[in-house]
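Please read the structure below before turning to the comments.
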Amino acid sequence: MEGKGGTLVFSKLGRFVVHNPWKVIAAWVVAAIAVLAFAPTLADVTNKDQASFLPDSYESVQAQQLAADAFGQTNDATASIVIKRGDNGVLTAADQAEAAELAGKITAEHIDRVTGAVTGPQALSPNKQVQLVSVGLKGLPDDQAVLDAVQQVRDLIGPAMADSGLRYGVTGDAALFLDNQDAFDNALVVVGIATVVLIIGLLLFIYRSPIAALLPILTVGLVTAVAPGLIALAAKAFDLEVTQDLQTLLTVVLFGVGTDYILFLLFRFRERLRAGEQPKEALVTATVRVSEVIVSAAGAIVVAFSALLLAVFGGFKSLGPGLAIAVAVMAFAAITLIPAVVSLLGPKVFWPSKSWQKTPKGAAFKRIGRFTARRPGVVALVSGGIMAILALGTLGMKVDYDAFSQLPKDTESSKAIKDLQSGFPAGALDPTTVYVKSTDGTPLSPATLTSYAEKLAKVDGVGALLPATPDGSPVLLNQDKTVAKLNVVLKNPPYAKASLDLVDGPLRDAAHANKPPNTTTLLGGVSASYTDIRDANSRDLKVIFPVAGGLIALILALLLRSLLAPLVLMLAVVLSFFATIGTTVFVFQGAAGHAGVTFSLPIMLYVFVVAIGTDYNILMIARLREEAERGTDPREAADLAIEHGGPSVAAAGLILAGTFSSLMLAGMALLTEMGFSVAAGIVISAFLMSILLVPSVTALLGHRAWWPRKITTAPVSKAEDRRLEPVG
């Protein structure tokens, strides 16, 4: 082992990389070419089947399987044409005939993926202001062929309705996907450009060097090209599930953590140069010291991401393996590829700035460090108190499962939904389906089913029963009459909390309690699915958080060879997590008036704030331990850790927070909420937690912080004396 605690493995690796840079770079280039040439792409293994996101044990999944068996129904997309008069008046007989003629034209056009279009008296609203034309589609709502079909339907409707005096709009799940596709695509372009500009801009400000600013773009770019192929290989080898949003998250995660790791190395390299070491030796020292921190930090992130495998909701579960592989690759690049490139450049990595040659005086982090050393109790109380106050917002958190309510309101599909609600209950577009199945094979009685349907219609919160047959009956039977289907329209929108509560409570209770003899009942449809997703989400949060927290604490215990320090860190992480949620609640539920925070937000904050934010804690606590091993007084150790570790934590935090805050430029409420909350969480983690709270609490605990380990101090050479070479 070397003097400052780096392991022999990291020492040997660091020396090999620094003294053999071309070999390391060549190995990476060859590996990248091999992966790009022979590995599958993420598109080859991406799973678009939303039904697979819940296991078969959930009722909505069982209902979907029964529908497929009894009626040949799948989770195909839907489209509805909403027709109204331009003057908002009652639809005349001629208007209704116009709607019927439109349905015939769509069917006769034989558009690919369109199975037909139907309408009729049963599709006319009770107040006769709205009529629906239902368009059958073959395929998932996010299939490009289905989206193209919806666009062709829209192109056909325009000329067909040009002189009718009627207002129309196509909506439904596929239409919503289509309308928001461009918005999301534009958002990703904006985010990508903003991320690159921000990283380059901040690094130029920090180092005043275009070389240092471009280093993450080039090196992380190489890793970004390699990681998807490795993830795809793993997905095929282990039959892992990959979702469509993984690619977007990969870009943000890799540039976020990659830039962090590069900053950790460059700050330590500059630090050793200022201490008087020769460039090669300074880089070896920096690589050895930083490698332990990076591997531990990446290990914590990989564990946190891998814990998502415990989720029962596939939308979360599928993210874990891919993100874990990506971070592992990035960490390996950070301790091999990046030091190799810096080895070739030497101090020129900071060109044309010469600030690496001297220590700036009166640096802000030096002042913060000195104040923390003098008044650690005050710093701990203020930083911890602010986080505790912010965390109080969590008590008022409401979860919103209506993702569509946060999408742009000026699209055709959104406007059509608003028109639809002027004549039908809000849930008419996506009714809840109740299936009744004979358990003994005896045909079901239509009279009994009608009576059963009437009981469901009386449940408070139910708006109507949709006619299921041409004669207006609400009951549709399969061919052997052993399975019946009833479409129940809810008064509230299908994703609203009131609808989920209704399906999960009174409606489900009534459906099961009043079922005909010798039958079983199942609830399906969007509201039923999101009810089950809500249950799965609640279960996942209860399981994943403690398991991941325990595993991260174990990694910290192994790194620090201590029990008390990891406990302090994990308590700080938990506090920062709740402070982030509380801040989001105050801003969006309070100031912005949102109904709640999106249901995926806690998991997103867990992934990006808890997991990645732990990087900063590890960097700071490793520096505190390093000072303790030197025999430094605990309060002075806090001073030096903030002075020398604070700048890299602050810079890394600002870059990562800025990366996510760029989502707020997308102009979409959903991305604005996610961008703000993650950026706020990273700022809280980096500044309040890692730079202020952790060092101050460690200073208060003194040598007890490392219990049960007894710190053994190492002799300190003049060149190594940290107090002689502070970093700005």
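By order of appearance in the structure tokens: chains A, B, ..., then residues from 1 within every chain, and ligands from 1 in the order shown.
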
Looking only at helix (DSSP H, G or I) from DSSP on the backbone, list the matching residues of region 86-317 of chain A as a ChimeraX atom specification. /A:93-109,121-123,144-160,173-207,210-238,246-274,279-310,314-317

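Reported to one decimal place, the separation of CA of Lys138 (chain A) from CA of Ile106 (chain A) is 14.6 Å.
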
If we count only C-alpha atoms, what is near Ala108 (chain A) at a cut-off of 12 Å, once residues fewer than 5 positions away on the same chain are taken out, given as number ranges by chain? A: 101-103, 114-118, 153, 156

Quick one: contact table of region 297-361 of chain A to region 611-626 of chain A, 12 Å max, nearest atom pair and distance in Å to one decimal per residue, counting only C-alpha atoms, chain and number order, as a tab-separated table?
residue	atom	partner	partner_atom	distance
A:Ala297	CA	A:Asp615	CA	4.8
A:Ala298	CA	A:Asp615	CA	7.5
A:Gly299	CA	A:Asp615	CA	9.7
A:Ala300	CA	A:Ala611	CA	6.6
A:Ile301	CA	A:Ala611	CA	4.9
A:Val302	CA	A:Ala611	CA	8.3
A:Val303	CA	A:Ala611	CA	8.5
A:Ala304	CA	A:Ala611	CA	5.8
A:Phe305	CA	A:Ala611	CA	7.6
A:Ser306	CA	A:Ala611	CA	10.8
A:Ala307	CA	A:Ala611	CA	10.8
A:Leu308	CA	A:Ala611	CA	11.6
A:Gly320	CA	A:Ala611	CA	11.7
A:Leu323	CA	A:Ala611	CA	11.2
A:Ala324	CA	A:Ala611	CA	10.8
A:Val327	CA	A:Ile612	CA	10.0
A:Ala331	CA	A:Asp615	CA	11.7

Got time to write the residues from that selection, N, CA, C and O atoms, as a short mmCIF file (atom, residue, chain, number, x, y, z; two decimals), in the first residue's frame?
data_model
loop_
_atom_site.label_atom_id
_atom_site.label_comp_id
_atom_site.auth_asym_id
_atom_site.auth_seq_id
_atom_site.Cartn_x
_atom_site.Cartn_y
_atom_site.Cartn_z
N ALA A 297 -17.26 5.24 -5.49
CA ALA A 297 -18.45 6.01 -5.88
C ALA A 297 -19.24 5.27 -6.96
O ALA A 297 -20.47 5.17 -6.89
N ALA A 298 -18.52 4.76 -7.96
CA ALA A 298 -19.20 4.02 -9.02
C ALA A 298 -19.84 2.75 -8.47
O ALA A 298 -20.93 2.36 -8.89
N GLY A 299 -19.15 2.11 -7.52
CA GLY A 299 -19.73 0.92 -6.89
C GLY A 299 -21.05 1.23 -6.21
O GLY A 299 -22.01 0.46 -6.30
N ALA A 300 -21.09 2.38 -5.53
CA ALA A 300 -22.34 2.78 -4.87
C ALA A 300 -23.45 3.02 -5.90
O ALA A 300 -24.60 2.63 -5.70
N ILE A 301 -23.10 3.66 -7.02
CA ILE A 301 -24.09 3.93 -8.05
C ILE A 301 -24.56 2.62 -8.70
O ILE A 301 -25.76 2.42 -8.93
N VAL A 302 -23.61 1.73 -8.99
CA VAL A 302 -23.97 0.45 -9.61
C VAL A 302 -24.89 -0.34 -8.69
O VAL A 302 -25.88 -0.95 -9.13
N VAL A 303 -24.59 -0.34 -7.39
CA VAL A 303 -25.44 -1.03 -6.43
C VAL A 303 -26.83 -0.40 -6.41
O VAL A 303 -27.85 -1.11 -6.40
N ALA A 304 -26.87 0.93 -6.40
CA ALA A 304 -28.16 1.62 -6.36
C ALA A 304 -28.98 1.31 -7.60
O ALA A 304 -30.19 1.03 -7.52
N PHE A 305 -28.34 1.36 -8.77
CA PHE A 305 -29.05 1.05 -10.00
C PHE A 305 -29.48 -0.42 -10.04
O PHE A 305 -30.57 -0.75 -10.47
N SER A 306 -28.59 -1.29 -9.60
CA SER A 306 -28.90 -2.72 -9.62
C SER A 306 -30.06 -3.06 -8.70
O SER A 306 -30.80 -4.02 -8.95
N ALA A 307 -30.22 -2.27 -7.64
CA ALA A 307 -31.34 -2.51 -6.72
C ALA A 307 -32.69 -2.34 -7.41
O ALA A 307 -33.71 -2.85 -6.94
N LEU A 308 -32.69 -1.63 -8.56
CA LEU A 308 -33.94 -1.48 -9.30
C LEU A 308 -34.44 -2.81 -9.85
O LEU A 308 -35.60 -2.94 -10.23
N GLY A 320 -32.37 -0.46 -14.37
CA GLY A 320 -31.25 -0.80 -13.50
C GLY A 320 -30.03 -1.37 -14.18
O GLY A 320 -28.93 -0.79 -14.12
N LEU A 323 -28.18 1.09 -16.79
CA LEU A 323 -27.48 2.21 -16.17
C LEU A 323 -26.28 1.73 -15.36
O LEU A 323 -25.24 2.38 -15.33
N ALA A 324 -26.41 0.57 -14.71
CA ALA A 324 -25.30 0.02 -13.92
C ALA A 324 -24.11 -0.31 -14.83
O ALA A 324 -22.96 0.00 -14.50
N VAL A 327 -22.39 2.99 -16.02
CA VAL A 327 -21.56 3.63 -14.98
C VAL A 327 -20.28 2.84 -14.75
O VAL A 327 -19.20 3.41 -14.55
N ALA A 331 -16.62 4.37 -15.15
CA ALA A 331 -15.65 4.36 -14.06
C ALA A 331 -14.32 3.76 -14.52
O ALA A 331 -13.24 4.27 -14.18
#

With only C-alpha atoms as the counted atoms, please give the residues lying no more than 10 Å from region 281-294 of chain A, apart from itself and same-chain residues fewer than 6 positions off, as an MDAnalysis selection string. chainID A and resid 2 4:19 257 260:262 264:275 300 330:332 334:336 338:340 342:343 346:347 559 615:623 626

Neighbour list for Asp148 (chain A) as a list in words, cut-off 10 Å, only C-alpha atoms, skip fewer than 5 positions in-chain: Ile111, Asp112, Arg113, Asp143, Val153, Arg154, Ala174, Ala175 and Leu178 of chain A

Go ahead and dump the residues you just picked, all heavy atoms, as a PDB file, in the first residue's frame.
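The file below, selection.pdb, is the result:
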ATOM      1  N   ILE A 111     -56.152   2.168 -44.999  1.00  0.00           N
ATOM      2  CA  ILE A 111     -54.867   2.678 -44.504  1.00  0.00           C
ATOM      3  C   ILE A 111     -54.156   1.572 -43.726  1.00  0.00           C
ATOM      4  O   ILE A 111     -54.774   0.866 -42.931  1.00  0.00           O
ATOM      5  CB  ILE A 111     -55.089   3.914 -43.605  1.00  0.00           C
ATOM      6  CG1 ILE A 111     -55.744   5.041 -44.413  1.00  0.00           C
ATOM      7  CG2 ILE A 111     -53.773   4.383 -42.986  1.00  0.00           C
ATOM      8  CD1 ILE A 111     -56.177   6.223 -43.580  1.00  0.00           C
ATOM      9  N   ASP A 112     -52.860   1.442 -43.966  1.00  0.00           N
ATOM     10  CA  ASP A 112     -52.084   0.427 -43.251  1.00  0.00           C
ATOM     11  C   ASP A 112     -52.195   0.644 -41.743  1.00  0.00           C
ATOM     12  O   ASP A 112     -52.060   1.762 -41.255  1.00  0.00           O
ATOM     13  CB  ASP A 112     -50.611   0.507 -43.679  1.00  0.00           C
ATOM     14  CG  ASP A 112     -49.762  -0.560 -43.003  1.00  0.00           C
ATOM     15  OD1 ASP A 112     -50.219  -1.708 -42.887  1.00  0.00           O
ATOM     16  OD2 ASP A 112     -48.629  -0.224 -42.574  1.00  0.00           O
ATOM     17  N   ARG A 113     -52.460  -0.436 -41.021  1.00  0.00           N
ATOM     18  CA  ARG A 113     -52.622  -0.482 -39.563  1.00  0.00           C
ATOM     19  C   ARG A 113     -53.985   0.020 -39.087  1.00  0.00           C
ATOM     20  O   ARG A 113     -54.253  -0.011 -37.894  1.00  0.00           O
ATOM     21  CB  ARG A 113     -51.517   0.305 -38.831  1.00  0.00           C
ATOM     22  CG  ARG A 113     -50.103  -0.246 -39.026  1.00  0.00           C
ATOM     23  CD  ARG A 113     -49.993  -1.691 -38.540  1.00  0.00           C
ATOM     24  NE  ARG A 113     -48.638  -2.204 -38.652  1.00  0.00           N
ATOM     25  CZ  ARG A 113     -47.753  -2.219 -37.653  1.00  0.00           C
ATOM     26  NH1 ARG A 113     -48.103  -1.751 -36.477  1.00  0.00           N
ATOM     27  NH2 ARG A 113     -46.551  -2.708 -37.836  1.00  0.00           N
ATOM     28  N   ASP A 143     -45.705   2.543 -31.753  1.00  0.00           N
ATOM     29  CA  ASP A 143     -45.134   2.006 -32.993  1.00  0.00           C
ATOM     30  C   ASP A 143     -45.155   3.092 -34.068  1.00  0.00           C
ATOM     31  O   ASP A 143     -46.184   3.746 -34.265  1.00  0.00           O
ATOM     32  CB  ASP A 143     -45.935   0.790 -33.489  1.00  0.00           C
ATOM     33  CG  ASP A 143     -45.619  -0.458 -32.692  1.00  0.00           C
ATOM     34  OD1 ASP A 143     -44.673  -0.415 -31.884  1.00  0.00           O
ATOM     35  OD2 ASP A 143     -46.324  -1.465 -32.877  1.00  0.00           O
ATOM     36  N   VAL A 153     -54.861   9.317 -41.195  1.00  0.00           N
ATOM     37  CA  VAL A 153     -56.274   9.543 -40.872  1.00  0.00           C
ATOM     38  C   VAL A 153     -56.544  11.040 -40.772  1.00  0.00           C
ATOM     39  O   VAL A 153     -57.544  11.556 -41.291  1.00  0.00           O
ATOM     40  CB  VAL A 153     -56.646   8.823 -39.557  1.00  0.00           C
ATOM     41  CG1 VAL A 153     -58.025   9.266 -39.072  1.00  0.00           C
ATOM     42  CG2 VAL A 153     -56.623   7.308 -39.750  1.00  0.00           C
ATOM     43  N   ARG A 154     -55.660  11.765 -40.107  1.00  0.00           N
ATOM     44  CA  ARG A 154     -55.830  13.214 -39.998  1.00  0.00           C
ATOM     45  C   ARG A 154     -55.785  13.883 -41.373  1.00  0.00           C
ATOM     46  O   ARG A 154     -56.567  14.809 -41.652  1.00  0.00           O
ATOM     47  CB  ARG A 154     -54.737  13.786 -39.090  1.00  0.00           C
ATOM     48  CG  ARG A 154     -54.975  13.513 -37.615  1.00  0.00           C
ATOM     49  CD  ARG A 154     -53.858  14.072 -36.755  1.00  0.00           C
ATOM     50  NE  ARG A 154     -54.220  14.017 -35.343  1.00  0.00           N
ATOM     51  CZ  ARG A 154     -53.377  14.280 -34.346  1.00  0.00           C
ATOM     52  NH1 ARG A 154     -52.119  14.609 -34.629  1.00  0.00           N
ATOM     53  NH2 ARG A 154     -53.773  14.209 -33.095  1.00  0.00           N
ATOM     54  N   ALA A 174     -52.527   6.736 -29.255  1.00  0.00           N
ATOM     55  CA  ALA A 174     -51.583   6.897 -30.365  1.00  0.00           C
ATOM     56  C   ALA A 174     -51.495   8.356 -30.802  1.00  0.00           C
ATOM     57  O   ALA A 174     -50.406   8.860 -31.119  1.00  0.00           O
ATOM     58  CB  ALA A 174     -51.994   6.015 -31.533  1.00  0.00           C
ATOM     59  N   ALA A 175     -52.634   9.055 -30.838  1.00  0.00           N
ATOM     60  CA  ALA A 175     -52.633  10.462 -31.233  1.00  0.00           C
ATOM     61  C   ALA A 175     -51.851  11.308 -30.239  1.00  0.00           C
ATOM     62  O   ALA A 175     -51.136  12.246 -30.612  1.00  0.00           O
ATOM     63  CB  ALA A 175     -54.072  10.971 -31.355  1.00  0.00           C
ATOM     64  N   LEU A 178     -48.254  10.733 -30.931  1.00  0.00           N
ATOM     65  CA  LEU A 178     -47.863  11.432 -32.151  1.00  0.00           C
ATOM     66  C   LEU A 178     -47.676  12.920 -31.892  1.00  0.00           C
ATOM     67  O   LEU A 178     -46.675  13.514 -32.320  1.00  0.00           O
ATOM     68  CB  LEU A 178     -48.927  11.215 -33.235  1.00  0.00           C
ATOM     69  CG  LEU A 178     -48.707  11.966 -34.557  1.00  0.00           C
ATOM     70  CD1 LEU A 178     -47.428  11.503 -35.232  1.00  0.00           C
ATOM     71  CD2 LEU A 178     -49.911  11.762 -35.477  1.00  0.00           C
TER      72      LEU A 178
END

Exercise: Gly396 (chain A) partners within 8 Å, only C-alpha atoms, chain neighbours under 3 positions left out, as a ChimeraX atom specification: /A:392-393,585

Would you save the residues of that selection, restricted to N, CA and C atoms, as a tab-separated table (two decimals), in the first residue's frame?
chain	number	residue	atom	x	y	z
A	392	LEU	N	-39.78	19.18	5.13
A	392	LEU	CA	-41.16	19.25	5.64
A	392	LEU	C	-42.17	19.25	4.50
A	393	GLY	N	-41.76	19.71	3.33
A	393	GLY	CA	-42.67	19.70	2.19
A	393	GLY	C	-43.12	18.31	1.80
A	585	VAL	N	-42.14	19.74	-3.97
A	585	VAL	CA	-43.54	19.92	-3.55
A	585	VAL	C	-43.84	21.40	-3.35

So that I can check the surroundings of region 194-200 of chain A, please list as a ChimeraX atom specification every protein, DNA and RNA residue that reaches within 12 Å of it, counting only C-alpha atoms and ignoring chain neighbours fewer than 5 positions away. /A:187-189,205-218,220-221,251-260,262-263,651-666

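Of the listed residues A:Gln131, A:Thr632, A:Ser499, A:Gln64, the one whose atoms come nearest to Val90 (chain A) is A:Gln131, with distances taken using only C-alpha atoms.
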
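CA of Lys491 (chain A) to CA of Tyr452 (chain A) spans 19.4 Å [interatomic distance, one decimal].
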